[in-house]
file structure-v8.cif (mmCIF, C-alpha atoms)
data_protein
#
loop_
_atom_site.label_atom_id
_atom_site.label_comp_id
_atom_site.auth_asym_id
_atom_site.auth_seq_id
_atom_site.Cartn_x
_atom_site.Cartn_y
_atom_site.Cartn_z
CA MET R 111 79.94 -82.40 47.56
CA LYS R 112 77.11 -84.83 47.32
CA LYS R 113 75.00 -82.48 49.39
CA LEU R 114 75.72 -79.59 47.02
CA LEU R 115 74.88 -81.72 44.03
CA SER R 116 71.65 -82.76 45.64
CA LEU R 117 70.69 -79.15 46.21
CA SER R 118 71.46 -78.29 42.59
CA LEU R 119 69.35 -81.13 41.32
CA ALA R 120 66.57 -80.13 43.65
CA GLY R 121 66.74 -76.58 42.31
CA VAL R 122 66.63 -77.79 38.74
CA LEU R 123 63.70 -80.01 39.49
CA LEU R 124 61.95 -77.14 41.28
CA VAL R 125 62.43 -74.86 38.30
CA ALA R 126 61.30 -77.59 35.97
CA PHE R 127 58.15 -78.24 37.96
CA THR R 128 57.33 -74.59 38.65
CA GLY R 129 58.27 -73.12 35.22
CA GLY R 130 55.12 -74.34 33.46
CA PRO R 131 52.54 -72.93 35.88
CA VAL R 132 54.31 -69.58 36.09
CA THR R 133 54.28 -69.20 32.29
CA ALA R 134 50.55 -70.06 32.05
CA GLN R 135 49.74 -67.64 34.81
CA GLN R 136 51.69 -64.94 33.03
CA GLN R 137 49.79 -65.65 29.85
CA ARG R 138 46.47 -65.42 31.66
CA TYR R 139 47.59 -62.15 33.19
CA ASP R 140 48.67 -60.80 29.82
CA SER R 141 45.38 -61.92 28.28
CA ARG R 142 43.37 -60.21 30.99
CA GLN R 143 45.52 -57.13 30.55
CA GLN R 144 44.86 -57.11 26.82
CA GLN R 145 41.13 -57.58 27.36
CA SER R 146 41.14 -54.75 29.85
CA GLU R 147 42.98 -52.53 27.42
CA GLN R 148 40.59 -53.50 24.63
CA GLN R 149 37.61 -52.78 26.85
CA GLN R 150 39.14 -49.47 27.79
CA ARG R 151 39.73 -48.61 24.14
CA ARG R 152 36.17 -49.61 23.25
CA SER R 153 34.90 -47.55 26.14
CA GLU R 154 36.96 -44.59 24.98
CA GLN R 155 35.72 -45.07 21.42
CA ARG R 156 32.13 -45.28 22.68
CA ASP R 157 32.63 -42.14 24.72
CA THR R 158 34.11 -40.43 21.69
CA ARG R 159 31.15 -41.44 19.51
CA GLN R 160 28.73 -40.29 22.18
CA ARG R 161 30.49 -36.94 22.44
CA GLU R 162 30.45 -36.58 18.65
CA GLU R 163 26.78 -37.53 18.50
CA SER R 164 26.05 -35.12 21.33
CA ARG R 165 27.90 -32.35 19.52
CA GLY R 166 25.99 -33.23 16.32
CA GLU R 167 22.67 -33.06 18.15
CA GLU R 168 23.66 -29.78 19.78
CA SER R 169 24.73 -28.42 16.40
CA GLN R 170 21.43 -29.52 14.86
CA GLN R 171 19.51 -27.97 17.73
CA ASP R 172 21.51 -24.77 17.35
CA SER R 173 20.78 -24.78 13.60
CA GLN R 174 17.07 -25.31 14.20
CA ALA R 175 17.06 -22.58 16.83
CA ALA R 176 18.84 -20.24 14.41
CA GLN R 177 16.32 -21.05 11.66
CA GLU R 178 13.44 -20.47 14.05
CA ASP R 179 14.94 -17.17 15.15
CA THR R 180 15.45 -16.13 11.52
CA ARG R 181 11.86 -17.05 10.68
CA GLU R 182 10.54 -15.07 13.63
CA ARG R 183 12.60 -12.02 12.66
CA ARG R 184 11.40 -12.31 9.05
CA GLU R 185 7.77 -12.53 10.18
CA LYS R 186 8.21 -9.47 12.39
CA ILE R 187 9.80 -7.54 9.53
CA GLU R 188 7.04 -8.58 7.12
CA GLN R 189 4.43 -7.56 9.67
CA LYS R 190 6.06 -4.16 10.13
CA VAL R 191 6.27 -3.69 6.36
CA ALA R 192 2.59 -4.61 5.97
CA GLU R 193 1.61 -2.22 8.76
CA ARG R 194 3.67 0.56 7.19
CA LYS R 195 2.10 -0.06 3.80
CA GLN R 196 -1.34 0.21 5.37
CA GLU R 197 -0.35 3.44 7.10
CA VAL R 198 0.97 4.90 3.83
CA LYS R 199 -2.18 3.78 2.01
CA GLN R 200 -4.30 5.45 4.67
CA GLU R 201 -2.26 8.65 4.47
CA VAL R 202 -2.53 8.71 0.67
CA CYS R 203 -6.27 8.10 0.86
CA GLU R 204 -6.70 10.94 3.35
CA ARG R 205 -4.80 13.32 1.07
CA LYS R 206 -6.90 12.22 -1.90
CA LYS R 207 -10.01 12.70 0.19
CA GLU R 208 -9.07 16.32 0.86
CA GLN R 209 -8.31 16.89 -2.83
CA LEU R 210 -11.55 15.28 -3.98
CA GLN R 211 -13.57 17.32 -1.52
CA ARG R 212 -12.25 20.39 -3.33
CA VAL R 213 -12.25 19.02 -6.88
CA ILE R 214 -15.66 17.33 -7.05
CA PRO R 215 -17.74 20.48 -6.39
CA LYS R 216 -15.43 22.43 -8.69
CA LEU R 217 -15.96 19.99 -11.56
CA ALA R 218 -19.71 20.13 -11.11
CA THR R 219 -19.62 23.94 -11.02
CA GLN R 220 -17.48 24.12 -14.17
CA ALA R 221 -19.79 21.77 -16.05
CA THR R 222 -22.83 23.83 -15.07
CA ALA R 223 -21.12 27.11 -15.97
CA LEU R 224 -20.11 25.81 -19.40
CA LYS R 225 -23.62 24.58 -20.14
CA ASP R 226 -25.09 27.94 -19.08
CA ALA R 227 -22.64 29.75 -21.38
CA ILE R 228 -23.61 27.61 -24.36
CA ASP R 229 -27.30 28.06 -23.49
CA ARG R 230 -26.91 31.85 -23.58
CA VAL R 231 -25.34 31.73 -27.02
CA TYR R 232 -28.11 29.44 -28.24
CA ASP R 233 -30.77 31.79 -26.86
CA ASN R 234 -29.12 34.72 -28.68
CA VAL R 235 -29.04 32.75 -31.93
CA GLN R 236 -32.74 31.92 -31.69
CA GLY R 237 -33.57 35.52 -30.79
CA PHE R 238 -31.61 36.77 -33.78
CA VAL R 239 -33.44 34.43 -36.14
CA GLU R 240 -36.81 35.52 -34.80
CA SER R 241 -36.09 39.27 -34.75
CA GLU R 242 -34.24 39.51 -38.06
CA GLN R 243 -36.53 37.10 -39.87
CA VAL R 244 -33.50 35.25 -41.16
CA VAL R 245 -34.35 32.47 -43.57
CA VAL R 246 -32.00 29.48 -43.33
CA SER R 247 -32.86 26.54 -45.53
CA ASP R 248 -31.87 23.83 -43.02
CA TYR R 249 -32.47 25.84 -39.85
CA GLU R 250 -35.18 23.60 -38.40
CA ALA R 251 -33.16 20.42 -38.93
CA LYS R 252 -30.05 21.92 -37.36
CA LYS R 253 -32.08 23.43 -34.53
CA ALA R 254 -33.54 19.99 -33.78
CA SER R 255 -30.00 18.59 -33.56
CA VAL R 256 -28.99 21.39 -31.19
CA ASP R 257 -32.08 20.84 -29.04
CA GLU R 258 -31.32 17.12 -28.75
CA ALA R 259 -27.68 17.79 -27.85
CA GLN R 260 -28.79 20.41 -25.32
CA ALA R 261 -31.12 17.93 -23.60
CA GLU R 262 -28.39 15.27 -23.42
CA ALA R 263 -25.90 17.78 -22.02
CA ALA R 264 -28.40 18.93 -19.39
CA ALA R 265 -28.99 15.34 -18.29
CA ALA R 266 -25.26 14.53 -18.11
CA VAL R 267 -24.44 17.70 -16.18
CA GLY R 268 -27.32 16.96 -13.81
CA VAL R 269 -25.76 13.58 -12.98
CA VAL R 270 -22.50 15.29 -12.02
CA GLU R 271 -24.30 17.93 -9.96
CA ASP R 272 -26.36 15.36 -8.06
CA TYR R 273 -23.63 12.74 -7.70
CA GLN R 274 -23.49 11.51 -4.12
CA PHE R 275 -19.92 10.68 -3.24
CA GLU R 276 -18.57 9.97 0.23
CA LEU R 277 -14.94 8.93 0.25
CA ASP R 278 -14.37 6.33 2.95
CA CYS R 279 -10.76 5.17 3.15
CA ASP R 280 -11.85 2.00 4.96
CA ASN R 281 -14.27 1.08 2.18
CA PRO R 282 -12.72 -1.55 -0.13
CA ASN R 283 -15.03 -0.37 -2.95
CA VAL R 284 -13.83 3.24 -2.85
CA GLY R 285 -12.10 2.73 -6.21
CA GLU R 286 -15.42 1.80 -7.82
CA GLN R 287 -16.97 4.98 -6.41
CA LEU R 288 -14.20 7.06 -7.95
CA ASP R 289 -14.60 5.26 -11.27
CA GLY R 290 -18.31 6.04 -11.23
CA PHE R 291 -17.71 9.75 -10.69
CA ARG R 292 -14.99 9.88 -13.36
CA LEU R 293 -17.39 8.24 -15.81
CA ALA R 294 -20.10 10.79 -14.99
CA VAL R 295 -17.66 13.69 -15.54
CA THR R 296 -16.41 12.20 -18.81
CA GLN R 297 -19.94 11.73 -20.12
CA ALA R 298 -20.86 15.30 -19.15
CA ARG R 299 -17.77 16.68 -20.91
CA GLU R 300 -18.51 14.70 -24.07
CA ALA R 301 -22.17 15.78 -24.04
CA LEU R 302 -21.16 19.44 -23.67
CA HIS R 303 -18.70 19.13 -26.55
CA ALA R 304 -21.43 17.62 -28.73
CA TYR R 305 -23.84 20.42 -27.73
CA ARG R 306 -21.25 23.06 -28.57
CA ASP R 307 -20.41 21.44 -31.93
CA GLU R 308 -24.08 21.31 -32.98
CA LEU R 309 -24.54 24.97 -32.05
CA VAL R 310 -21.39 25.98 -33.94
CA ALA R 311 -22.67 24.09 -36.99
CA LEU R 312 -25.97 26.02 -36.79
CA ILE R 313 -24.21 29.39 -36.53
CA GLN R 314 -21.90 28.56 -39.43
CA SER R 315 -24.90 27.56 -41.53
CA MET R 316 -26.62 30.85 -40.71
CA ARG R 317 -23.53 32.86 -41.61
CA ALA R 318 -23.13 30.99 -44.87
CA GLN R 319 -26.78 31.70 -45.69
CA GLU R 320 -26.34 35.37 -44.84
CA ALA R 321 -23.26 35.55 -47.07
CA ASP R 322 -25.19 34.02 -49.95
CA ASN R 323 -28.04 36.47 -49.40
CA ALA R 324 -25.60 39.39 -49.37
CA ASP R 325 -24.00 38.25 -52.61
CA GLN R 326 -27.42 37.92 -54.21
CA GLN R 327 -28.43 41.41 -53.10
CA GLY R 328 -25.18 42.82 -54.43
CA GLU R 329 -25.77 41.30 -57.81
CA ASN R 330 -29.33 42.64 -57.89
CA GLN R 331 -28.19 46.17 -57.05
CA ASN R 332 -25.42 45.99 -59.69
CA GLY R 333 -22.99 47.56 -57.26
CA SER R 334 -25.05 50.76 -56.78
CA GLY R 335 -26.30 52.35 -53.61
CA ASP R 336 -25.78 50.91 -50.17
CA ASP R 337 -23.24 48.08 -50.01
CA SER R 338 -24.24 47.02 -46.52
CA THR R 339 -25.84 43.62 -46.19
CA GLY R 340 -27.40 41.57 -43.46
CA ALA R 341 -24.29 39.39 -43.20
CA ASP R 342 -22.87 41.66 -40.52
CA ASN R 343 -25.97 41.09 -38.42
CA ALA R 344 -25.31 37.38 -37.92
CA PRO R 345 -24.60 36.44 -34.29
CA ASP R 346 -20.92 36.77 -33.40
CA GLU R 347 -21.06 34.98 -30.07
CA GLU R 348 -18.11 32.70 -29.48
CA VAL R 349 -18.90 29.33 -28.03
CA GLY R 350 -16.34 28.15 -25.48
CA ASN R 351 -14.16 25.16 -26.15
CA GLY R 352 -15.53 23.39 -23.14
CA GLN R 353 -12.13 22.19 -22.02
#
call {"tool": "encode", "arguments": {"input": "structure-v8.cif", "output": "C-alpha coordinates"}}
result
Amino acid sequence: MKKLLSLSLAGVLLVAFTGGPVTAQQQRYDSRQQQSEQQQRRSEQRDTRQREESRGEESQQDSQAAQEDTRERREKIEQKVAERKQEVKQEVCERKKEQLQRVIPKLATQATALKDAIDRVYDNVQGFVESEQVVVSDYEAKKASVDEAQAEAAAAVGVVEDYQFELDCDNPNVGEQLDGFRLAVTQAREALHAYRDELVALIQSMRAQEADNADQQGENQNGSGDDSTGADNAPDEEVGNGQ
(Lines of atoms letter the chains of each structure in order from A and count residues from 1; the text may use other names and numbers.)
(Lines give C-alpha, C1' and ligand atoms only; values in the text may rest on other atoms or scores of the structure.)
Protein backbone atom coordinates (compact mmCIF):
# COMPACT_ATOMS: atom_id res chain seq x y z
CA MET A 1 0.00 0.00 0.00
CA LYS A 2 2.77 2.33 0.91
CA LYS A 3 4.53 1.40 -2.30
CA LEU A 4 1.43 2.24 -4.36
CA LEU A 5 1.04 5.54 -2.59
CA SER A 6 4.65 6.35 -3.25
CA LEU A 7 4.20 5.67 -6.93
CA SER A 8 1.12 7.90 -7.05
CA LEU A 9 2.95 10.73 -5.36
CA ALA A 10 5.86 10.27 -7.70
CA GLY A 11 3.50 10.47 -10.67
CA VAL A 12 1.89 13.61 -9.34
CA LEU A 13 5.25 15.18 -8.75
CA LEU A 14 6.38 14.15 -12.24
CA VAL A 15 3.32 15.73 -13.80
CA ALA A 16 3.78 18.81 -11.68
CA PHE A 17 7.40 19.19 -12.68
CA THR A 18 6.92 18.33 -16.36
CA GLY A 19 3.60 20.19 -16.96
CA GLY A 20 5.17 23.65 -17.14
CA PRO A 21 7.84 22.91 -19.75
CA VAL A 22 5.41 21.01 -21.96
CA THR A 23 2.97 23.94 -22.00
CA ALA A 24 5.73 26.46 -22.88
CA GLN A 25 6.98 24.22 -25.63
CA GLN A 26 3.48 23.93 -27.01
CA GLN A 27 3.13 27.68 -26.96
CA ARG A 28 6.41 28.11 -28.81
CA TYR A 29 5.26 25.55 -31.34
CA ASP A 30 1.93 27.30 -31.78
CA SER A 31 3.70 30.65 -32.13
CA ARG A 32 6.03 29.29 -34.78
CA GLN A 33 3.05 27.74 -36.51
CA GLN A 34 1.22 31.06 -36.52
CA GLN A 35 4.30 32.88 -37.82
CA SER A 36 4.67 30.30 -40.55
CA GLU A 37 1.04 30.68 -41.49
CA GLN A 38 1.36 34.46 -41.47
CA GLN A 39 4.47 34.27 -43.63
CA GLN A 40 2.66 31.93 -45.97
CA ARG A 41 -0.31 34.29 -46.16
CA ARG A 42 1.99 37.26 -46.79
CA SER A 43 3.78 35.25 -49.44
CA GLU A 44 0.48 34.35 -51.05
CA GLN A 45 -0.65 37.98 -50.89
CA ARG A 46 2.66 39.09 -52.41
CA ASP A 47 2.30 36.52 -55.15
CA THR A 48 -1.25 37.69 -55.76
CA ARG A 49 -0.14 41.32 -56.01
CA GLN A 50 2.68 40.36 -58.34
CA ARG A 51 0.29 38.42 -60.55
CA GLU A 52 -2.13 41.36 -60.58
CA GLU A 53 0.67 43.79 -61.37
CA SER A 54 1.91 41.46 -64.07
CA ARG A 55 -1.56 41.22 -65.56
CA GLY A 56 -1.85 45.04 -65.36
CA GLU A 57 1.47 45.46 -67.16
CA GLU A 58 0.47 42.90 -69.76
CA SER A 59 -2.87 44.66 -70.22
CA GLN A 60 -1.11 48.01 -70.59
CA GLN A 61 1.33 46.52 -73.07
CA ASP A 62 -1.56 44.98 -74.98
CA SER A 63 -3.33 48.35 -74.99
CA GLN A 64 -0.21 50.13 -76.23
CA ALA A 65 0.29 47.47 -78.89
CA ALA A 66 -3.34 47.85 -79.97
CA GLN A 67 -2.96 51.65 -80.15
CA GLU A 68 0.23 51.29 -82.16
CA ASP A 69 -1.46 48.84 -84.51
CA THR A 70 -4.42 51.19 -84.91
CA ARG A 71 -2.12 54.12 -85.63
CA GLU A 72 -0.21 52.12 -88.23
CA ARG A 73 -3.44 51.05 -89.94
CA ARG A 74 -4.69 54.65 -89.92
CA GLU A 75 -1.43 55.88 -91.44
CA LYS A 76 -1.63 53.23 -94.15
CA ILE A 77 -5.23 54.15 -94.91
CA GLU A 78 -4.39 57.87 -95.03
CA GLN A 79 -1.46 57.14 -97.33
CA LYS A 80 -3.67 55.10 -99.65
CA VAL A 81 -6.29 57.86 -99.67
CA ALA A 82 -3.64 60.48 -100.46
CA GLU A 83 -2.23 58.32 -103.26
CA ARG A 84 -5.71 57.78 -104.68
CA LYS A 85 -6.45 61.50 -104.55
CA GLN A 86 -3.25 62.16 -106.46
CA GLU A 87 -4.18 59.54 -109.04
CA VAL A 88 -7.65 61.04 -109.47
CA LYS A 89 -6.15 64.53 -109.74
CA GLN A 90 -3.76 63.29 -112.40
CA GLU A 91 -6.57 61.59 -114.31
CA VAL A 92 -8.72 64.73 -114.17
CA CYS A 93 -5.80 66.85 -115.33
CA GLU A 94 -5.12 64.53 -118.25
CA ARG A 95 -8.77 64.72 -119.32
CA LYS A 96 -8.70 68.51 -119.04
CA LYS A 97 -5.50 68.54 -121.04
CA GLU A 98 -7.19 66.69 -123.90
CA GLN A 99 -10.17 69.05 -123.75
CA LEU A 100 -8.01 72.16 -123.68
CA GLN A 101 -5.95 70.94 -126.61
CA ARG A 102 -9.19 70.95 -128.60
CA VAL A 103 -10.80 74.05 -127.08
CA ILE A 104 -7.89 76.51 -127.09
CA PRO A 105 -7.33 76.50 -130.88
CA LYS A 106 -11.09 76.57 -131.39
CA LEU A 107 -11.50 79.67 -129.21
CA ALA A 108 -8.71 81.44 -131.06
CA THR A 109 -10.25 80.49 -134.42
CA GLN A 110 -13.70 81.71 -133.35
CA ALA A 111 -12.31 85.03 -132.14
CA THR A 112 -10.46 85.56 -135.42
CA ALA A 113 -13.50 84.58 -137.50
CA LEU A 114 -15.76 86.98 -135.60
CA LYS A 115 -13.31 89.85 -136.02
CA ASP A 116 -13.01 89.13 -139.76
CA ALA A 117 -16.82 89.15 -140.08
CA ILE A 118 -17.11 92.53 -138.36
CA ASP A 119 -14.23 93.86 -140.49
CA ARG A 120 -16.07 92.89 -143.68
CA VAL A 121 -19.20 94.73 -142.58
CA TYR A 122 -17.11 97.78 -141.68
CA ASP A 123 -15.41 97.71 -145.09
CA ASN A 124 -18.81 97.57 -146.80
CA VAL A 125 -20.05 100.51 -144.74
CA GLN A 126 -17.05 102.63 -145.68
CA GLY A 127 -17.38 101.61 -149.33
CA PHE A 128 -21.04 102.58 -149.32
CA VAL A 129 -20.28 106.00 -147.86
CA GLU A 130 -17.59 106.64 -150.45
CA SER A 131 -19.57 105.38 -153.47
CA GLU A 132 -22.94 106.88 -152.58
CA GLN A 133 -21.50 110.14 -151.30
CA VAL A 134 -23.62 109.83 -148.19
CA VAL A 135 -23.38 112.81 -145.90
CA VAL A 136 -23.64 111.92 -142.21
CA SER A 137 -23.21 114.78 -139.80
CA ASP A 138 -21.27 112.82 -137.14
CA TYR A 139 -19.74 110.22 -139.47
CA GLU A 140 -16.10 111.12 -138.81
CA ALA A 141 -16.53 111.07 -135.04
CA LYS A 142 -18.30 107.72 -135.10
CA LYS A 143 -15.80 106.32 -137.60
CA ALA A 144 -12.97 107.31 -135.25
CA SER A 145 -14.69 105.41 -132.43
CA VAL A 146 -15.07 102.35 -134.67
CA ASP A 147 -11.42 102.55 -135.75
CA GLU A 148 -10.27 102.68 -132.13
CA ALA A 149 -12.48 99.74 -131.16
CA GLN A 150 -11.24 97.82 -134.21
CA ALA A 151 -7.61 98.33 -133.18
CA GLU A 152 -8.29 97.20 -129.61
CA ALA A 153 -10.16 94.11 -130.84
CA ALA A 154 -7.31 93.22 -133.20
CA ALA A 155 -4.79 93.47 -130.36
CA ALA A 156 -6.91 91.36 -127.99
CA VAL A 157 -7.57 88.68 -130.60
CA GLY A 158 -3.87 88.62 -131.43
CA VAL A 159 -3.07 87.81 -127.79
CA VAL A 160 -5.41 84.80 -127.93
CA GLU A 161 -3.98 83.64 -131.26
CA ASP A 162 -0.38 83.88 -130.06
CA TYR A 163 -0.98 82.59 -126.53
CA GLN A 164 1.59 79.94 -125.67
CA PHE A 165 0.02 77.38 -123.40
CA GLU A 166 1.49 74.02 -122.46
CA LEU A 167 -0.56 72.14 -119.91
CA ASP A 168 1.73 70.24 -117.56
CA CYS A 169 -0.15 68.26 -114.92
CA ASP A 170 2.97 68.14 -112.74
CA ASN A 171 3.31 71.92 -112.78
CA PRO A 172 1.90 73.42 -109.55
CA ASN A 173 1.30 76.73 -111.41
CA VAL A 174 -0.92 75.18 -114.08
CA GLY A 175 -3.94 76.95 -112.57
CA GLU A 176 -2.27 80.33 -113.10
CA GLN A 177 -1.63 79.42 -116.74
CA LEU A 178 -5.30 78.60 -117.22
CA ASP A 179 -6.32 81.83 -115.52
CA GLY A 180 -4.07 83.77 -117.89
CA PHE A 181 -5.65 82.20 -120.96
CA ARG A 182 -9.18 82.72 -119.63
CA LEU A 183 -8.37 86.38 -119.05
CA ALA A 184 -7.05 86.74 -122.60
CA VAL A 185 -10.21 85.14 -124.05
CA THR A 186 -12.46 87.33 -121.88
CA GLN A 187 -10.65 90.49 -122.94
CA ALA A 188 -10.86 89.49 -126.61
CA ARG A 189 -14.60 88.81 -126.30
CA GLU A 190 -15.22 92.16 -124.61
CA ALA A 191 -13.13 94.00 -127.22
CA LEU A 192 -15.07 92.33 -130.06
CA HIS A 193 -18.38 93.26 -128.43
CA ALA A 194 -17.23 96.88 -128.13
CA TYR A 195 -16.10 96.87 -131.79
CA ARG A 196 -19.45 95.48 -132.90
CA ASP A 197 -21.41 98.00 -130.80
CA GLU A 198 -19.48 100.96 -132.25
CA LEU A 199 -20.08 99.71 -135.78
CA VAL A 200 -23.79 99.17 -135.12
CA ALA A 201 -24.01 102.72 -133.75
CA LEU A 202 -22.40 104.04 -136.97
CA ILE A 203 -24.80 102.09 -139.20
CA GLN A 204 -27.81 103.24 -137.18
CA SER A 205 -26.64 106.84 -137.46
CA MET A 206 -26.29 106.47 -141.23
CA ARG A 207 -29.75 104.97 -141.56
CA ALA A 208 -31.26 107.72 -139.44
CA GLN A 209 -29.55 110.31 -141.64
CA GLU A 210 -30.81 108.59 -144.78
CA ALA A 211 -34.34 108.54 -143.38
CA ASP A 212 -34.16 112.26 -142.63
CA ASN A 213 -32.86 112.93 -146.14
CA ALA A 214 -35.68 110.88 -147.64
CA ASP A 215 -38.28 112.76 -145.64
CA GLN A 216 -36.79 116.06 -146.75
CA GLN A 217 -36.82 115.02 -150.40
CA GLY A 218 -40.42 113.89 -150.08
CA GLU A 219 -41.46 117.23 -148.72
CA ASN A 220 -39.62 119.04 -151.50
CA GLN A 221 -41.30 116.97 -154.20
CA ASN A 222 -44.74 117.50 -152.58
CA GLY A 223 -45.55 113.85 -153.09
CA SER A 224 -45.14 113.96 -156.90
CA GLY A 225 -43.00 111.83 -159.14
CA ASP A 226 -40.68 109.13 -157.91
CA ASP A 227 -41.19 108.15 -154.26
CA SER A 228 -37.95 106.20 -154.07
CA THR A 229 -35.28 107.59 -151.78
CA GLY A 230 -31.74 106.78 -150.89
CA ALA A 231 -32.82 105.25 -147.58
CA ASP A 232 -33.08 101.83 -149.18
CA ASN A 233 -29.46 102.07 -150.24
CA ALA A 234 -28.11 102.10 -146.68
CA PRO A 235 -26.02 99.03 -145.83
CA ASP A 236 -28.12 96.14 -144.55
CA GLU A 237 -25.29 93.98 -143.30
CA GLU A 238 -26.03 92.31 -140.00
CA VAL A 239 -23.25 92.34 -137.47
CA GLY A 240 -22.98 89.11 -135.49
CA ASN A 241 -23.68 89.04 -131.78
CA GLY A 242 -20.19 87.83 -131.08
CA GLN A 243 -21.36 85.25 -128.58
call {"tool": "atom_distance", "arguments": {"input": "structure-v8.cif", "atom1": "atom CA of Arg306 of chain R", "atom2": "atom CA of Ala251 of chain R"}}
result
16.0 Å
call {"tool": "residues_around", "arguments": {"input": "structure-v8.cif", "residues": "Ser247 of chain R", "least_positions_apart": "3", "cutoff": "12 Å", "atoms": "only C-alpha atoms", "output": "NGL selection string"}}
result
:R and (244 or 250-253 or 312 or 315-320 or 322-323)
call {"tool": "closest_residue", "arguments": {"input": "structure-v8.cif", "among": "R:Gln137, R:Gln149, R:Glu182, R:Val310", "to": "Ser255 of chain R", "atoms": "only C-alpha atoms"}}
result
R:Val310
call {"tool": "resolve_selection", "arguments": {"input": "structure-v8.cif", "expression": "the PyMOL selection byres ((chain R and resi 273) around 12)", "output": "PDB file with C-alpha atoms, in the frame of the given file"}}
result
ATOM      1  CA  ILE R 214     -15.660  17.330  -7.050  1.00  0.00           C
ATOM      2  CA  PRO R 215     -17.740  20.480  -6.390  1.00  0.00           C
ATOM      3  CA  LEU R 217     -15.960  19.990 -11.560  1.00  0.00           C
ATOM      4  CA  ALA R 218     -19.710  20.130 -11.110  1.00  0.00           C
ATOM      5  CA  ALA R 266     -25.260  14.530 -18.110  1.00  0.00           C
ATOM      6  CA  VAL R 267     -24.440  17.700 -16.180  1.00  0.00           C
ATOM      7  CA  GLY R 268     -27.320  16.960 -13.810  1.00  0.00           C
ATOM      8  CA  VAL R 269     -25.760  13.580 -12.980  1.00  0.00           C
ATOM      9  CA  VAL R 270     -22.500  15.290 -12.020  1.00  0.00           C
ATOM     10  CA  GLU R 271     -24.300  17.930  -9.960  1.00  0.00           C
ATOM     11  CA  ASP R 272     -26.360  15.360  -8.060  1.00  0.00           C
ATOM     12  CA  GLN R 274     -23.490  11.510  -4.120  1.00  0.00           C
ATOM     13  CA  PHE R 275     -19.920  10.680  -3.240  1.00  0.00           C
ATOM     14  CA  GLU R 276     -18.570   9.970   0.230  1.00  0.00           C
ATOM     15  CA  GLN R 287     -16.970   4.980  -6.410  1.00  0.00           C
ATOM     16  CA  LEU R 288     -14.200   7.060  -7.950  1.00  0.00           C
ATOM     17  CA  GLY R 290     -18.310   6.040 -11.230  1.00  0.00           C
ATOM     18  CA  PHE R 291     -17.710   9.750 -10.690  1.00  0.00           C
ATOM     19  CA  ARG R 292     -14.990   9.880 -13.360  1.00  0.00           C
ATOM     20  CA  LEU R 293     -17.390   8.240 -15.810  1.00  0.00           C
ATOM     21  CA  ALA R 294     -20.100  10.790 -14.990  1.00  0.00           C
ATOM     22  CA  VAL R 295     -17.660  13.690 -15.540  1.00  0.00           C
TER      23      VAL R 295
END
call {"tool": "closest_residue", "arguments": {"input": "structure-v8.cif", "among": "R:Gln326, R:Gln220, R:Gln260, R:Gln297", "to": "Tyr232 of chain R", "atoms": "all atoms listed in the file"}}
result
R:Gln260
call {"tool": "atom_distance", "arguments": {"input": "structure-v8.cif", "atom1": "atom CA of Glu242 of chain R", "atom2": "atom CA of Leu224 of chain R"}}
result
27.1 Å
call {"tool": "atom_distance", "arguments": {"input": "structure-v8.cif", "atom1": "atom CA of Val256 of chain R", "atom2": "atom CA of Ala223 of chain R"}}
result
18.1 Å
call {"tool": "resolve_selection", "arguments": {"input": "structure-v8.cif", "expression": "the PyMOL selection byres ((chain R and resi 303) around 10)", "output": "PDB file with C-alpha atoms, in the coordinates of the input"}}
result
ATOM      1  CA  LEU R 224     -20.110  25.810 -19.400  1.00  0.00           C
ATOM      2  CA  LYS R 225     -23.620  24.580 -20.140  1.00  0.00           C
ATOM      3  CA  ALA R 259     -27.680  17.790 -27.850  1.00  0.00           C
ATOM      4  CA  ALA R 263     -25.900  17.780 -22.020  1.00  0.00           C
ATOM      5  CA  GLN R 297     -19.940  11.730 -20.120  1.00  0.00           C
ATOM      6  CA  ALA R 298     -20.860  15.300 -19.150  1.00  0.00           C
ATOM      7  CA  ARG R 299     -17.770  16.680 -20.910  1.00  0.00           C
ATOM      8  CA  GLU R 300     -18.510  14.700 -24.070  1.00  0.00           C
ATOM      9  CA  ALA R 301     -22.170  15.780 -24.040  1.00  0.00           C
ATOM     10  CA  LEU R 302     -21.160  19.440 -23.670  1.00  0.00           C
ATOM     11  CA  ALA R 304     -21.430  17.620 -28.730  1.00  0.00           C
ATOM     12  CA  TYR R 305     -23.840  20.420 -27.730  1.00  0.00           C
ATOM     13  CA  ARG R 306     -21.250  23.060 -28.570  1.00  0.00           C
ATOM     14  CA  ASP R 307     -20.410  21.440 -31.930  1.00  0.00           C
ATOM     15  CA  GLU R 308     -24.080  21.310 -32.980  1.00  0.00           C
ATOM     16  CA  LEU R 309     -24.540  24.970 -32.050  1.00  0.00           C
ATOM     17  CA  GLY R 350     -16.340  28.150 -25.480  1.00  0.00           C
ATOM     18  CA  ASN R 351     -14.160  25.160 -26.150  1.00  0.00           C
ATOM     19  CA  GLY R 352     -15.530  23.390 -23.140  1.00  0.00           C
ATOM     20  CA  GLN R 353     -12.130  22.190 -22.020  1.00  0.00           C
TER      21      GLN R 353
END
